[in-house]
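Asks: Supplied structure: run.cif, mmCIF, C-alpha atoms and all ligand atoms.
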data_structure
loop_
_atom_site.label_atom_id
_atom_site.label_comp_id
_atom_site.auth_asym_id
_atom_site.auth_seq_id
_atom_site.Cartn_x
_atom_site.Cartn_y
_atom_site.Cartn_z
CA MET Q 1 8.16 16.56 29.05
CA PRO Q 2 7.80 12.84 29.91
CA ALA Q 3 11.05 10.94 30.57
CA SER Q 4 11.60 8.64 27.60
CA ALA Q 5 11.51 5.58 29.93
CA ALA Q 6 7.87 6.41 30.80
CA ILE Q 7 6.69 6.49 27.17
CA ASP Q 8 4.07 3.96 26.13
CA LEU Q 9 5.01 2.60 22.69
CA SER Q 10 1.98 0.34 22.23
CA VAL Q 11 -0.50 1.19 19.48
CA ALA Q 12 -4.03 0.15 18.55
CA LEU Q 13 -4.90 -0.28 14.90
CA GLY Q 14 -8.61 -0.91 15.16
CA ARG Q 15 -8.92 -4.29 16.85
CA LEU Q 16 -5.21 -4.99 16.43
CA ARG Q 17 -2.93 -4.21 19.38
CA LEU Q 18 0.79 -3.91 18.70
CA PRO Q 19 3.61 -3.60 21.23
CA ASN Q 20 5.12 -0.75 19.24
CA PRO Q 21 4.57 1.03 15.90
CA VAL Q 22 7.68 -0.20 14.02
CA LEU Q 23 6.93 -3.06 11.63
CA VAL Q 24 8.73 -4.56 8.65
CA ALA Q 25 7.04 -4.51 5.22
CA SER Q 26 5.92 -7.43 3.09
CA GLY Q 27 8.40 -8.67 0.52
CA THR Q 28 11.40 -7.07 2.21
CA PHE Q 29 11.92 -9.36 5.18
CA GLY Q 30 11.49 -12.82 3.63
CA TYR Q 31 9.68 -15.17 5.99
CA ALA Q 32 11.67 -13.77 8.95
CA ARG Q 33 13.73 -16.94 9.49
CA GLU Q 34 16.51 -15.64 7.27
CA MET Q 35 16.64 -12.37 9.27
CA ALA Q 36 16.71 -14.00 12.72
CA PRO Q 37 20.53 -14.21 12.92
CA PHE Q 38 20.78 -10.44 12.46
CA VAL Q 39 17.69 -8.93 14.09
CA ASP Q 40 16.08 -9.41 17.51
CA LEU Q 41 12.67 -10.29 16.07
CA THR Q 42 10.98 -10.17 19.48
CA ARG Q 43 11.42 -6.40 19.52
CA LEU Q 44 9.51 -5.66 16.31
CA GLY Q 45 6.03 -4.19 16.37
CA GLY Q 46 5.10 -6.70 13.70
CA ILE Q 47 6.39 -8.71 10.76
CA LEU Q 48 4.66 -8.90 7.37
CA PRO Q 49 5.94 -11.91 5.45
CA LYS Q 50 6.03 -11.93 1.63
CA THR Q 51 2.52 -11.78 0.12
CA VAL Q 52 0.87 -15.18 -0.18
CA THR Q 53 -1.46 -16.15 -3.02
CA ARG Q 54 -4.06 -18.92 -3.22
CA GLN Q 55 -2.00 -20.96 -5.69
CA PRO Q 56 1.79 -21.07 -6.08
CA ARG Q 57 3.19 -18.38 -8.39
CA GLN Q 58 6.49 -18.45 -10.26
CA GLY Q 59 6.72 -14.69 -10.42
CA ASN Q 60 8.06 -12.63 -13.29
CA ALA Q 61 10.97 -13.23 -15.65
CA PRO Q 62 14.37 -11.72 -14.69
CA TRP Q 63 15.65 -9.14 -14.15
CA ARG Q 64 13.43 -8.66 -11.14
CA THR Q 65 15.32 -5.97 -9.23
CA ILE Q 66 17.41 -2.97 -10.24
CA GLU Q 67 19.08 -0.36 -8.07
CA THR Q 68 18.08 3.20 -8.88
CA PRO Q 69 19.20 6.56 -7.47
CA ALA Q 70 17.91 6.57 -3.85
CA GLY Q 71 15.87 3.43 -4.32
CA MET Q 72 15.20 0.27 -6.24
CA LEU Q 73 12.82 -1.09 -8.83
CA ASN Q 74 11.33 -4.53 -8.41
CA SER Q 75 9.03 -6.71 -10.45
CA ILE Q 76 9.07 -9.90 -8.42
CA GLY Q 77 5.50 -10.72 -9.44
CA LEU Q 78 4.43 -12.29 -6.12
CA ASP Q 79 6.69 -15.33 -6.40
CA ASN Q 80 5.48 -17.66 -3.61
CA ASP Q 81 4.52 -21.27 -2.96
CA GLY Q 82 0.82 -20.64 -2.28
CA ILE Q 83 -1.19 -20.53 0.90
CA GLU Q 84 -1.09 -24.23 1.79
CA ALA Q 85 2.72 -24.31 1.60
CA PHE Q 86 2.87 -21.05 3.55
CA ALA Q 87 0.70 -22.48 6.33
CA ALA Q 88 2.72 -25.70 6.43
CA ASN Q 89 6.27 -24.38 6.00
CA HIS Q 90 6.41 -20.79 7.27
CA LEU Q 91 3.56 -20.09 9.65
CA PRO Q 92 4.64 -22.59 12.34
CA TYR Q 93 8.01 -20.81 12.61
CA LEU Q 94 6.52 -17.32 12.35
CA ALA Q 95 4.12 -18.14 15.20
CA THR Q 96 7.12 -18.70 17.48
CA VAL Q 97 9.12 -15.54 16.79
CA GLY Q 98 7.51 -13.53 19.59
CA CYS Q 99 6.08 -10.53 17.75
CA PRO Q 100 2.76 -10.01 15.93
CA ILE Q 101 2.58 -11.61 12.48
CA ILE Q 102 0.45 -9.86 9.88
CA VAL Q 103 -0.02 -12.10 6.87
CA SER Q 104 -0.18 -10.35 3.52
CA ILE Q 105 -2.48 -11.94 0.96
CA ALA Q 106 -3.36 -11.29 -2.68
CA GLY Q 107 -6.21 -12.96 -4.53
CA ARG Q 108 -7.05 -12.94 -8.22
CA ASP Q 109 -10.64 -12.12 -7.36
CA GLU Q 110 -12.82 -11.41 -4.32
CA ALA Q 111 -13.57 -15.09 -3.77
CA GLU Q 112 -9.86 -15.92 -3.42
CA PHE Q 113 -9.29 -13.06 -0.99
CA VAL Q 114 -12.25 -14.22 1.09
CA GLU Q 115 -11.19 -17.87 1.03
CA MET Q 116 -7.66 -16.99 2.16
CA SER Q 117 -8.93 -14.63 4.89
CA ALA Q 118 -11.14 -17.39 6.29
CA LEU Q 119 -8.32 -19.93 6.09
CA LEU Q 120 -5.75 -17.71 7.79
CA GLY Q 121 -8.18 -16.51 10.44
CA GLU Q 122 -8.25 -20.10 11.71
CA GLN Q 123 -4.48 -20.37 12.02
CA PRO Q 124 -2.72 -19.81 15.35
CA GLY Q 125 -0.11 -17.07 15.24
CA VAL Q 126 -1.90 -14.80 12.74
CA ALA Q 127 -2.42 -11.42 14.45
CA ALA Q 128 -3.92 -9.74 11.39
CA ILE Q 129 -4.30 -9.99 7.63
CA GLU Q 130 -3.11 -7.32 5.19
CA LEU Q 131 -4.95 -7.29 1.88
CA ASN Q 132 -2.39 -6.53 -0.81
CA ILE Q 133 -4.65 -4.79 -3.30
CA SER Q 134 -1.79 -2.71 -4.58
CA CYS Q 135 0.91 -4.85 -6.18
CA PRO Q 136 1.91 -3.24 -9.50
CA ASN Q 137 3.60 -6.41 -10.76
CA VAL Q 138 0.73 -8.81 -11.33
CA SER Q 139 -2.32 -8.74 -13.50
CA GLY Q 140 -5.61 -9.51 -11.81
CA GLY Q 141 -6.56 -8.44 -8.30
CA VAL Q 142 -5.12 -4.97 -8.68
CA ASP Q 143 -8.46 -3.34 -9.58
CA PHE Q 144 -9.44 -3.49 -5.91
CA GLY Q 145 -6.86 -0.84 -5.15
CA THR Q 146 -7.89 1.50 -7.94
CA ASN Q 147 -11.67 1.41 -7.58
CA ALA Q 148 -13.28 2.60 -4.33
CA PRO Q 149 -16.54 0.57 -4.52
CA MET Q 150 -14.58 -2.62 -5.34
CA CYS Q 151 -12.20 -1.91 -2.48
CA GLU Q 152 -15.13 -1.43 -0.10
CA SER Q 153 -16.83 -4.63 -1.22
CA LEU Q 154 -13.61 -6.65 -0.91
CA VAL Q 155 -12.76 -5.38 2.57
CA ARG Q 156 -16.32 -5.97 3.75
CA ALA Q 157 -16.34 -9.53 2.41
CA CYS Q 158 -12.96 -10.38 4.00
CA ARG Q 159 -14.03 -8.78 7.26
CA ALA Q 160 -17.14 -10.98 7.29
CA ALA Q 161 -15.04 -14.09 6.65
CA THR Q 162 -12.91 -13.84 9.80
CA THR Q 163 -12.68 -12.17 13.19
CA THR Q 164 -8.96 -11.50 12.57
CA PRO Q 165 -8.22 -7.76 12.09
CA ILE Q 166 -7.94 -6.63 8.46
CA LEU Q 167 -5.56 -4.06 6.98
CA ALA Q 168 -5.95 -2.80 3.40
CA LYS Q 169 -2.70 -1.88 1.62
CA LEU Q 170 -3.17 0.78 -1.02
CA THR Q 171 -1.31 1.83 -4.12
CA PRO Q 172 -0.17 5.40 -4.83
CA ASN Q 173 -0.73 4.75 -8.54
CA VAL Q 174 -4.19 6.33 -8.57
CA THR Q 175 -5.60 9.81 -9.04
CA SER Q 176 -6.99 10.03 -5.49
CA VAL Q 177 -5.69 7.63 -2.86
CA ALA Q 178 -8.07 9.29 -0.37
CA GLU Q 179 -11.08 8.07 -2.38
CA ILE Q 180 -9.83 4.47 -2.28
CA ALA Q 181 -9.11 4.83 1.45
CA LYS Q 182 -12.71 5.93 2.02
CA GLY Q 183 -13.78 2.67 0.36
CA ALA Q 184 -11.52 0.66 2.67
CA GLU Q 185 -12.91 2.50 5.69
CA ALA Q 186 -16.52 1.95 4.59
CA GLY Q 187 -15.74 -1.76 4.19
CA GLY Q 188 -14.57 -1.91 7.81
CA ALA Q 189 -10.76 -2.06 7.56
CA ASP Q 190 -9.05 -1.95 10.96
CA ALA Q 191 -6.20 -0.01 9.39
CA ILE Q 192 -5.04 1.25 6.02
CA SER Q 193 -1.42 0.71 4.95
CA LEU Q 194 0.07 3.08 2.43
CA ILE Q 195 1.91 2.96 0.19
CA ASN Q 196 2.96 0.07 -2.01
CA THR Q 197 5.53 0.84 -4.70
CA CYS Q 198 5.22 3.54 -7.37
CA GLN Q 199 5.21 2.30 -10.95
CA GLY Q 200 8.47 2.86 -12.76
CA MET Q 201 10.84 1.47 -15.35
CA ALA Q 202 14.48 1.36 -16.41
CA ILE Q 203 15.91 1.17 -19.92
CA ASP Q 204 19.18 0.06 -21.53
CA TRP Q 205 19.13 2.56 -24.38
CA ARG Q 206 22.05 0.99 -26.24
CA ARG Q 207 20.16 -2.27 -26.59
CA ARG Q 208 16.82 -0.45 -26.75
CA ARG Q 209 15.54 -2.89 -24.13
CA PRO Q 210 13.74 -2.52 -20.81
CA LEU Q 211 15.88 -3.78 -17.94
CA LEU Q 212 13.08 -5.48 -16.02
CA GLY Q 213 11.75 -8.73 -17.43
CA ASN Q 214 8.25 -7.42 -16.71
CA VAL Q 215 9.15 -4.08 -18.42
CA ILE Q 216 7.44 -2.07 -15.64
CA GLY Q 217 8.09 -2.49 -11.93
CA GLY Q 218 7.64 -0.81 -8.59
CA LEU Q 219 9.92 1.92 -7.26
CA SER Q 220 10.68 1.88 -3.53
CA GLY Q 221 13.16 3.31 -1.04
CA PRO Q 222 14.04 6.88 -0.03
CA ALA Q 223 13.11 8.12 -3.54
CA ILE Q 224 9.39 7.57 -2.80
CA LYS Q 225 9.27 8.92 0.76
CA PRO Q 226 7.83 12.33 -0.22
CA ILE Q 227 5.09 10.59 -2.23
CA ALA Q 228 4.26 8.29 0.67
CA LEU Q 229 4.19 11.18 3.13
CA ARG Q 230 1.84 13.07 0.85
CA CYS Q 231 -0.45 10.02 0.60
CA VAL Q 232 -0.53 9.55 4.39
CA TYR Q 233 -1.27 13.23 4.90
CA GLN Q 234 -4.08 13.26 2.32
CA VAL Q 235 -5.67 10.06 3.60
CA ALA Q 236 -5.44 11.24 7.21
CA GLN Q 237 -7.58 14.22 6.20
CA ALA Q 238 -10.18 11.92 4.59
CA VAL Q 239 -10.69 9.01 7.03
CA LYS Q 240 -10.65 8.20 10.75
CA THR Q 241 -9.25 4.67 10.28
CA PRO Q 242 -5.71 4.30 11.68
CA LEU Q 243 -2.97 4.50 9.04
CA VAL Q 244 0.26 2.57 8.64
CA GLY Q 245 2.87 4.62 6.77
CA ILE Q 246 5.23 2.88 4.32
CA GLY Q 247 7.67 4.25 1.78
CA GLY Q 248 11.36 5.05 2.09
CA ILE Q 249 11.41 4.89 5.88
CA ALA Q 250 14.94 4.26 7.16
CA THR Q 251 15.61 6.54 10.13
CA ILE Q 252 13.93 7.84 13.28
CA ASP Q 253 13.36 11.17 11.55
CA ASP Q 254 11.47 9.37 8.76
CA VAL Q 255 9.32 7.56 11.34
CA MET Q 256 8.48 10.77 13.18
CA GLU Q 257 7.58 12.54 9.92
CA PHE Q 258 5.09 9.78 9.08
CA LEU Q 259 3.57 9.88 12.57
CA VAL Q 260 3.13 13.65 12.46
CA ALA Q 261 1.63 13.36 8.95
CA GLY Q 262 -1.08 11.03 10.28
CA ALA Q 263 0.27 7.48 10.62
CA SER Q 264 -0.21 5.47 13.82
CA ALA Q 265 2.46 2.93 12.84
CA VAL Q 266 5.04 2.43 10.10
CA GLN Q 267 6.55 -0.37 8.06
CA LEU Q 268 10.19 -0.37 6.99
CA GLY Q 269 10.79 -1.96 3.58
CA THR Q 270 13.71 -1.44 1.20
CA VAL Q 271 16.03 -0.42 4.05
CA ASN Q 272 15.96 -4.04 5.27
CA PHE Q 273 18.00 -5.04 2.21
CA TYR Q 274 20.93 -2.75 3.10
CA ASN Q 275 20.49 -2.34 6.85
CA PRO Q 276 18.54 -5.22 8.42
CA THR Q 277 18.81 -3.71 11.90
CA ALA Q 278 17.22 -0.39 10.87
CA ALA Q 279 13.92 -1.26 12.61
CA THR Q 280 15.53 -1.96 15.97
CA THR Q 281 17.80 1.09 15.66
CA VAL Q 282 14.71 3.22 15.06
CA LEU Q 283 12.99 1.60 18.02
CA ASP Q 284 15.90 2.50 20.28
CA ALA Q 285 15.48 6.14 19.30
CA LEU Q 286 11.67 6.30 19.35
CA PRO Q 287 11.04 6.99 23.06
CA GLY Q 288 13.52 9.89 22.97
CA ALA Q 289 11.96 11.38 19.85
CA LEU Q 290 8.44 11.13 21.30
CA ALA Q 291 9.66 12.71 24.56
CA GLU Q 292 11.20 15.55 22.54
CA LEU Q 293 7.66 16.44 21.41
CA GLY Q 294 6.31 16.10 24.96
CA ALA Q 295 4.33 13.00 23.98
CA GLY Q 296 3.52 10.19 26.42
CA CYS Q 297 2.48 7.76 23.69
CA VAL Q 298 2.44 7.40 19.91
CA ALA Q 299 -1.17 8.58 19.63
CA ASP Q 300 -0.13 11.94 21.11
CA VAL Q 301 1.90 12.58 17.95
CA ALA Q 302 -0.10 10.85 15.19
CA GLY Q 303 -1.65 13.39 12.84
CA THR Q 304 -0.46 16.47 14.73
CA LEU Q 305 0.89 18.27 11.66
CA GLN Q 306 0.43 21.99 11.99
CA LEU Q 307 -0.33 23.71 8.72
CA PRO Q 308 0.72 27.24 7.92
CA PRO Q 309 -2.15 29.75 8.00
CA ARG Q 310 -3.77 30.14 4.59
CA ALA Q 311 -3.02 33.44 2.88
C1 LIG T 1 11.72 -6.52 -3.51
C2 LIG T 1 10.38 -6.06 -3.00
C3 LIG T 1 9.34 -6.96 -2.90
C4 LIG T 1 8.09 -6.53 -2.43
N1 LIG T 1 7.09 -7.45 -2.29
C5 LIG T 1 5.91 -7.06 -1.76
C6 LIG T 1 4.89 -8.01 -1.50
O1 LIG T 1 5.03 -9.21 -1.73
N2 LIG T 1 3.72 -7.56 -0.98
C7 LIG T 1 3.50 -6.23 -0.67
O2 LIG T 1 2.42 -5.88 -0.19
N3 LIG T 1 4.47 -5.32 -0.89
C8 LIG T 1 5.66 -5.70 -1.40
N4 LIG T 1 6.64 -4.78 -1.60
C9 LIG T 1 6.37 -3.36 -1.28
C10 LIG T 1 6.84 -3.00 0.13
O3 LIG T 1 6.19 -3.77 1.11
C11 LIG T 1 6.61 -1.51 0.39
O4 LIG T 1 5.22 -1.23 0.37
C12 LIG T 1 7.29 -0.61 -0.61
O5 LIG T 1 8.54 -1.15 -1.00
C13 LIG T 1 7.50 0.81 -0.08
O6 LIG T 1 8.27 0.81 1.10
P1 LIG T 1 9.87 1.03 1.09
O7 LIG T 1 10.14 2.24 0.25
O8 LIG T 1 10.25 1.19 2.52
O9 LIG T 1 10.46 -0.20 0.48
C14 LIG T 1 7.89 -5.18 -2.07
C15 LIG T 1 8.95 -4.28 -2.17
C16 LIG T 1 10.19 -4.69 -2.62
C17 LIG T 1 11.31 -3.69 -2.72
#
Would you mind giving the structure from this file in structure tokens?
Replies:
Amino acid sequence: MPASAAIDLSVALGRLRLPNPVLVASGTFGYAREMAPFVDLTRLGGILPKTVTRQPRQGNAPWRTIETPAGMLNSIGLDNDGIEAFAANHLPYLATVGCPIIVSIAGRDEAEFVEMSALLGEQPGVAAIELNISCPNVSGGVDFGTNAPMCESLVRACRAATTTPILAKLTPNVTSVAEIAKGAEAGGADAISLINTCQGMAIDWRRRRPLLGNVIGGLSGPAIKPIALRCVYQVAQAVKTPLVGIGGIATIDDVMEFLVAGASAVQLGTVNFYNPTAATTVLDALPGALAELGAGCVADVAGTLQLPPRA
């Protein structure tokens, strides 16, 4: 068994090299500046700032977040100041934090995704681009995550627009996430991130009103971990593209479960709201957990799930 000090934590997601596999998920870590007093950002495998759109978006009406048993619902609706403001106000700081920055983008159509990919590919400090084709809280753009040929076409077009590595972030709100993942792979994605939130809602029955201003929102946190694990496992059976597991990850055990299921890296999301240092705590424990399995690097563990013999 390798001593944990000798373990190589670096990972390759297609053309993207990361110092370690523990990243923080889009929409749950702001633009990183606000987290800097609490978290040693230089240690993270990567930061995904809040999804950026071509034009500024106000987002959805309140309420936008609600706590649920073992999770939360959100319907933020991609509130952001648009790509020009992002490049001017956030990217210069993000480029200095000392860990890879993966910029999450969402377009209303293929042309917007392509335009933003080309624009960001030119910017210093952008290690990769994650295509958010999975947000349940906006209309427009979401079809890319529910239709395999559209997903393939979009990824291919973005890939052609820049040399920057491309990740495709998928939704679990489909019949077969593996089919959509095959589209992303055929389009040339460097990695596939899964999952975004699961559609859900909350109701005040006395007032007979939905609690979210948008009526329906996205469920996240520990409540969705089994769904996310299932998606990673199914997609790992269907494609060779590296996977980034997301969904309810909060502890080292969660991380190891996702790696064994087939992920090469993970993103921590909702946990950042109640424990901003979860990612670095997990990182402290990762070499020991890998050593426990006799692994010398993350790839030794990724996708090593052993299935029971079929009856
Ligand atoms: C408040 C909130 C805002 C989010 N905003 C985004 C976003 O802008 N872009 C995106 O791709 N995912 C967004 N997500 C989804 C997360 O990145 C993640 O995929 C999802 O929450 C599942 O991971 P978790 O259970 O660890 O939170 C958001 C999640 C939450 C809770």
Asks: What does the distance between atom O8 of ligand LIG 1 (chain T) and atom CA of Glu112 of chain Q come to in Å, to one decimal place?
Replies: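 Distance reported for this atom pair: 27.1 Å.
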Asks: Just want the 9 Å neighbourhood of Thr175 of chain Q, counted on all atoms listed in the file, with same-chain residues fewer than 3 positions away dropped. Output as a list in words.
Replies: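 After dropping sequence-adjacent residues, the list is Thr146, Pro172 and Glu179 of chain Q.
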Asks: Generate the output file for the selected residues, C-alpha atoms, as a PDB file, in the coordinates of the input.
Replies:
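Heads up, here's the output in out_22.pdb:
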ATOM      1  CA  THR Q 146      -7.890   1.500  -7.940  1.00  0.00           C
ATOM      2  CA  PRO Q 172      -0.170   5.400  -4.830  1.00  0.00           C
ATOM      3  CA  GLU Q 179     -11.080   8.070  -2.380  1.00  0.00           C
TER       4      GLU Q 179
END
Asks: Just want the residues within 6 Å of ligand LIG 1 (chain T), written as a list in words, counting all atoms listed in the file.
Replies: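 Final answer, ordered by chain and number: Ala25, Ser26, Gly27, Thr28, Lys50, Thr51, Asn74, Leu78, Asn132, Ile195, Asn196, Thr197, Ser220, Gly221, Ile246, Gly247, Gly248, Ile249, Leu268, Gly269 and Thr270 of chain Q.
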Asks: Using all atoms listed in the file, can you tell me which of Q:Gly200, Q:Ala12, Q:Gly288, Q:Thr251 comes closest to Leu212 of chain Q?
Replies: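 Among Q:Gly200, Q:Ala12, Q:Gly288, Q:Thr251, it is Q:Gly200 that comes nearest to Leu212 of chain Q.
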Asks: Using only C-alpha atoms, pick whichever of Q:Met256, Q:Val235, Q:Ile47, Q:Ala148 has the shortest atom-to-atom distance to Val103 of chain Q.
Replies: Q:Ile47
Asks: For a test of reading the model, state the distance in Å between atom CA of Ile252 of chain Q and atom CA of Ala285 of chain Q, rounded to one decimal.
Replies: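 Separating atom CA of Ile252 of chain Q from atom CA of Ala285 of chain Q is a distance of 6.4 Å.
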Asks: Arg64 of chain Q: which residues within 8 Å, counting only C-alpha atoms, same-chain residues fewer than 2 positions away excluded, as a list in words?
Replies: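 These residues fall inside the cut-off: Asn60, Ala61, Pro62, Ile66, Leu73, Asn74, Ser75, Ile76, Leu212, Gly213 and Asn214 of chain Q.
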Asks: Atom CA of Phe86 of chain Q to atom CA of Arg33 of chain Q: how many Å, to one decimal?
Replies: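 Those two atoms sit 13.0 Å apart.
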Asks: Which polymer residues have any atom within 9 Å of an atom of Pro100 of chain Q, counting only C-alpha atoms, with same-chain residues fewer than 6 positions away left out, as a ChimeraX atom specification?
Replies: /Q:17-19,42,44-48,94,125-128
Asks: Rank Q:Ala291, Q:Ala228, Q:Ala223, Q:Met35 by their smallest atom-to-atom distance to Gly262 of chain Q, using all atoms listed in the file, and report the top residue only.
Replies: Q:Ala228
Asks: If we count only C-alpha atoms and set the cut-off at 12 Å, which residues sit around Ile83 of chain Q, ignoring sequence neighbours fewer than 3 positions away in its own chain? Please answer as number ranges by chain.
Replies: Q: 50-57, 79-80, 86-91, 103-107, 112-113, 115-120, 123
Asks: Which of these, Q:Leu219, Q:Val155, Q:Leu13, Q:Ala5, has the shortest distance to Ala299 of chain Q once you count all atoms listed in the file?
Replies: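 Selected residue with least distance to Ala299 of chain Q: Q:Leu13.
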Asks: Hey, could you patch up segment 252-272 of chain Q with N, CA and C atoms and hand it over as a CSV table (one decimal), in the frame of the given file?
Replies:
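The result, written out as result00.csv:
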chain,number,residue,atom,x,y,z
Q,252,ILE,N,14.9,7.4,12.3
Q,252,ILE,CA,13.9,7.8,13.3
Q,252,ILE,C,13.3,9.1,12.8
Q,253,ASP,N,14.0,10.0,12.1
Q,253,ASP,CA,13.4,11.2,11.6
Q,253,ASP,C,12.3,10.8,10.6
Q,254,ASP,N,12.5,9.8,9.7
Q,254,ASP,CA,11.5,9.4,8.8
Q,254,ASP,C,10.2,8.9,9.5
Q,255,VAL,N,10.5,8.1,10.6
Q,255,VAL,CA,9.3,7.6,11.3
Q,255,VAL,C,8.5,8.7,11.9
Q,256,MET,N,9.2,9.7,12.5
Q,256,MET,CA,8.5,10.8,13.2
Q,256,MET,C,7.7,11.6,12.2
Q,257,GLU,N,8.3,11.8,11.0
Q,257,GLU,CA,7.6,12.5,9.9
Q,257,GLU,C,6.3,11.9,9.6
Q,258,PHE,N,6.3,10.5,9.4
Q,258,PHE,CA,5.1,9.8,9.1
Q,258,PHE,C,4.1,9.9,10.2
Q,259,LEU,N,4.5,9.8,11.5
Q,259,LEU,CA,3.6,9.9,12.6
Q,259,LEU,C,2.9,11.3,12.6
Q,260,VAL,N,3.7,12.3,12.5
Q,260,VAL,CA,3.1,13.6,12.5
Q,260,VAL,C,2.2,13.8,11.3
Q,261,ALA,N,2.5,13.2,10.1
Q,261,ALA,CA,1.6,13.4,9.0
Q,261,ALA,C,0.3,12.7,9.1
Q,262,GLY,N,0.2,11.7,10.1
Q,262,GLY,CA,-1.1,11.0,10.3
Q,262,GLY,C,-1.0,9.5,10.5
Q,263,ALA,N,0.2,8.9,10.4
Q,263,ALA,CA,0.3,7.5,10.6
Q,263,ALA,C,0.3,7.1,12.1
Q,264,SER,N,-0.3,6.0,12.4
Q,264,SER,CA,-0.2,5.5,13.8
Q,264,SER,C,0.9,4.4,14.0
Q,265,ALA,N,1.4,3.9,12.8
Q,265,ALA,CA,2.5,2.9,12.8
Q,265,ALA,C,3.1,3.0,11.5
Q,266,VAL,N,4.3,2.4,11.4
Q,266,VAL,CA,5.0,2.4,10.1
Q,266,VAL,C,5.6,1.0,9.8
Q,267,GLN,N,5.9,0.8,8.5
Q,267,GLN,CA,6.6,-0.4,8.1
Q,267,GLN,C,7.8,0.1,7.3
Q,268,LEU,N,8.9,-0.6,7.7
Q,268,LEU,CA,10.2,-0.4,7.0
Q,268,LEU,C,10.4,-1.4,5.9
Q,269,GLY,N,10.7,-1.0,4.7
Q,269,GLY,CA,10.8,-2.0,3.6
Q,269,GLY,C,12.2,-2.1,3.0
Q,270,THR,N,12.4,-1.3,1.9
Q,270,THR,CA,13.7,-1.4,1.2
Q,270,THR,C,14.9,-1.4,2.1
Q,271,VAL,N,14.9,-0.6,3.2
Q,271,VAL,CA,16.0,-0.4,4.0
Q,271,VAL,C,16.5,-1.8,4.6
Q,272,ASN,N,15.6,-2.7,4.7
Q,272,ASN,CA,16.0,-4.0,5.3
Q,272,ASN,C,17.0,-4.7,4.4
